[in-house]
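Dropping upload.pdb in here (PDB, C-alpha atoms):
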ATOM      1  CA  MET A   1     122.009 121.247  78.116
ATOM      2  CA  ASN A   2     122.429 117.573  78.950
ATOM      3  CA  ALA A   3     121.402 115.652  82.077
ATOM      4  CA  ASP A   4     124.842 115.985  83.725
ATOM      5  CA  GLU A   5     124.763 119.765  83.389
ATOM      6  CA  HIS A   6     121.285 119.844  84.925
ATOM      7  CA  ALA A   7     122.384 117.659  87.840
ATOM      8  CA  SER A   8     124.785 120.323  89.033
ATOM      9  CA  LEU A   9     122.119 123.041  89.036
ATOM     10  CA  GLY A  10     119.381 121.583  91.209
ATOM     11  CA  GLU A  11     116.899 118.818  91.752
ATOM     12  CA  TRP A  12     114.774 116.923  89.255
ATOM     13  CA  ILE A  13     111.231 116.116  90.378
ATOM     14  CA  LYS A  14     110.026 112.586  89.682
ATOM     15  CA  SER A  15     106.448 111.915  88.630
ATOM     16  CA  SER A  16     104.211 110.828  91.485
ATOM     17  CA  HIS A  17     103.423 107.765  89.354
ATOM     18  CA  SER A  18     107.039 106.567  89.371
ATOM     19  CA  THR A  19     107.745 103.438  91.389
ATOM     20  CA  SER A  20     110.852 101.534  92.382
ATOM     21  CA  GLU A  21     109.837  98.931  89.777
ATOM     22  CA  GLY A  22     110.353 101.316  86.869
ATOM     23  CA  GLY A  23     107.567 101.880  84.413
ATOM     24  CA  GLN A  24     106.795 104.643  81.947
ATOM     25  CA  CYS A  25     107.642 107.653  84.118
ATOM     26  CA  LEU A  26     109.373 110.965  83.755
ATOM     27  CA  GLU A  27     111.125 113.636  85.753
ATOM     28  CA  TRP A  28     110.920 117.376  85.210
ATOM     29  CA  TYR A  29     113.299 120.127  86.129
ATOM     30  CA  PRO A  30     111.559 123.233  87.521
ATOM     31  CA  ALA A  31     114.766 125.212  88.106
ATOM     32  CA  HIS A  32     115.447 125.283  84.355
ATOM     33  CA  ALA A  33     111.996 126.719  83.645
ATOM     34  CA  GLY A  34     112.694 129.748  85.840
ATOM     35  CA  GLY A  35     109.769 132.041  85.337
ATOM     36  CA  CYS A  36     109.237 131.773  81.616
ATOM     37  CA  GLY A  37     111.724 129.344  80.064
ATOM     38  CA  PRO A  38     111.134 125.859  78.689
ATOM     39  CA  VAL A  39     110.510 122.944  81.040
ATOM     40  CA  ALA A  40     113.145 120.204  80.918
ATOM     41  CA  VAL A  41     111.836 116.607  80.957
ATOM     42  CA  ARG A  42     113.680 113.263  80.960
ATOM     43  CA  ASP A  43     113.023 109.549  81.355
ATOM     44  CA  SER A  44     113.247 108.718  85.068
ATOM     45  CA  LYS A  45     114.967 105.408  84.260
ATOM     46  CA  ARG A  46     117.689 107.107  82.176
ATOM     47  CA  ALA A  47     118.936 110.042  84.224
ATOM     48  CA  ASP A  48     121.992 110.278  81.980
ATOM     49  CA  GLY A  49     119.887 110.195  78.812
ATOM     50  CA  PRO A  50     118.620 113.015  76.603
ATOM     51  CA  VAL A  51     116.643 115.952  77.955
ATOM     52  CA  LEU A  52     113.571 117.218  76.137
ATOM     53  CA  ARG A  53     112.826 120.944  76.533
ATOM     54  CA  ILE A  54     109.131 121.749  76.192
ATOM     55  CA  PRO A  55     107.860 125.327  75.786
ATOM     56  CA  ARG A  56     106.156 126.495  78.968
ATOM     57  CA  SER A  57     102.781 126.915  77.223
ATOM     58  CA  GLY A  58     102.949 123.332  75.932
ATOM     59  CA  TRP A  59     103.854 121.992  79.377
ATOM     60  CA  THR A  60     101.006 123.934  81.008
ATOM     61  CA  GLY A  61      98.539 122.541  78.468
ATOM     62  CA  PHE A  62      99.863 119.008  78.959
ATOM     63  CA  VAL A  63      99.544 119.175  82.758
ATOM     64  CA  SER A  64      96.031 120.654  82.494
ATOM     65  CA  ALA A  65      94.990 117.841  80.163
ATOM     66  CA  LEU A  66      96.359 115.240  82.589
ATOM     67  CA  LYS A  67      94.458 116.795  85.492
ATOM     68  CA  ASN A  68      91.263 116.704  83.419
ATOM     69  CA  ASP A  69      91.731 113.027  82.390
ATOM     70  CA  ALA A  70      92.019 114.004  78.727
ATOM     71  CA  PHE A  71      94.265 111.036  77.924
TER      72      PHE A  71
END

Just give me the structure as structure tokens.
Amino acid sequence: MNADEHASLGEWIKSSHSTSEGGQCLEWYPAHAGGCGPVAVRDSKRADGPVLRIPRSGWTGFVSALKNDAF
């Protein structure tokens, strides 16, 4: 599924670190994840660009690591 197809299904959520000046930020698409599907992620500066689908377990681990300052 590409970014245009996602746009018709719901809202992308932009990282709280995104600013109007750009930067290295992403958006994720919770509606695609449903209850157990992969989480769709894209570059917030390229809404029409490719979409990366990350397995839910990988996304959960990534978010946990961010919250624990593992990076």

request  = Find the spatial neighbours of Asp43 in chain A, counting only C-alpha atoms, within a cut-off of 10 Å - ignore same-chain residues fewer than 6 positions away - and output them as a list of chain:residue names.
outcome  =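 My reading of the contact set: A:Lys14, A:Gly23, A:Gln24, A:Cys25, A:Leu26, A:Glu27, A:Trp28, A:Gly49, A:Pro50, A:Val51, A:Leu52.
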
request  = Specify as a list in words each residue included when the PyMOL selection byres ((chain A and resi 39) around 10) is applied to this file.
outcome  =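 Applied to this file, the PyMOL selection byres ((chain A and resi 39) around 10) returns Trp28, Tyr29, Pro30, Ala31, His32, Ala33, Gly34, Cys36, Gly37, Pro38, Ala40, Val41, Val51, Leu52, Arg53, Ile54, Pro55, Arg56, Ser57, Gly58, Trp59 and Thr60 of chain A.
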
Based on the selection just made, write C-alpha atoms of those residues as an mmCIF file, keeping the file's coordinate frame.
data_model
loop_
_atom_site.group_PDB
_atom_site.id
_atom_site.type_symbol
_atom_site.label_atom_id
_atom_site.label_comp_id
_atom_site.auth_asym_id
_atom_site.auth_seq_id
_atom_site.Cartn_x
_atom_site.Cartn_y
_atom_site.Cartn_z
ATOM 1 C CA TRP A 28 110.920 117.376 85.210
ATOM 2 C CA TYR A 29 113.299 120.127 86.129
ATOM 3 C CA PRO A 30 111.559 123.233 87.521
ATOM 4 C CA ALA A 31 114.766 125.212 88.106
ATOM 5 C CA HIS A 32 115.447 125.283 84.355
ATOM 6 C CA ALA A 33 111.996 126.719 83.645
ATOM 7 C CA GLY A 34 112.694 129.748 85.840
ATOM 8 C CA CYS A 36 109.237 131.773 81.616
ATOM 9 C CA GLY A 37 111.724 129.344 80.064
ATOM 10 C CA PRO A 38 111.134 125.859 78.689
ATOM 11 C CA ALA A 40 113.145 120.204 80.918
ATOM 12 C CA VAL A 41 111.836 116.607 80.957
ATOM 13 C CA VAL A 51 116.643 115.952 77.955
ATOM 14 C CA LEU A 52 113.571 117.218 76.137
ATOM 15 C CA ARG A 53 112.826 120.944 76.533
ATOM 16 C CA ILE A 54 109.131 121.749 76.192
ATOM 17 C CA PRO A 55 107.860 125.327 75.786
ATOM 18 C CA ARG A 56 106.156 126.495 78.968
ATOM 19 C CA SER A 57 102.781 126.915 77.223
ATOM 20 C CA GLY A 58 102.949 123.332 75.932
ATOM 21 C CA TRP A 59 103.854 121.992 79.377
ATOM 22 C CA THR A 60 101.006 123.934 81.008
#

request  = To one decimal in Å, tell me the separation between CA of Ser44 in chain A and CA of Ser16 in chain A.
outcome  =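 Going from CA of Ser44 in chain A over to CA of Ser16 in chain A, I get 11.3 Å.
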
request  = Between CA of Ser64 in chain A and CA of Arg46 in chain A, measure the distance and give it in Å to one decimal.
outcome  = 25.5 Å

ask   = A:Phe71, A:Gly61, A:Leu66, A:Ile13: which is nearest Arg42 in chain A, counting all atoms listed in the file?
value =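 Among the listed residues, A:Ile13 lies closest to Arg42 in chain A.
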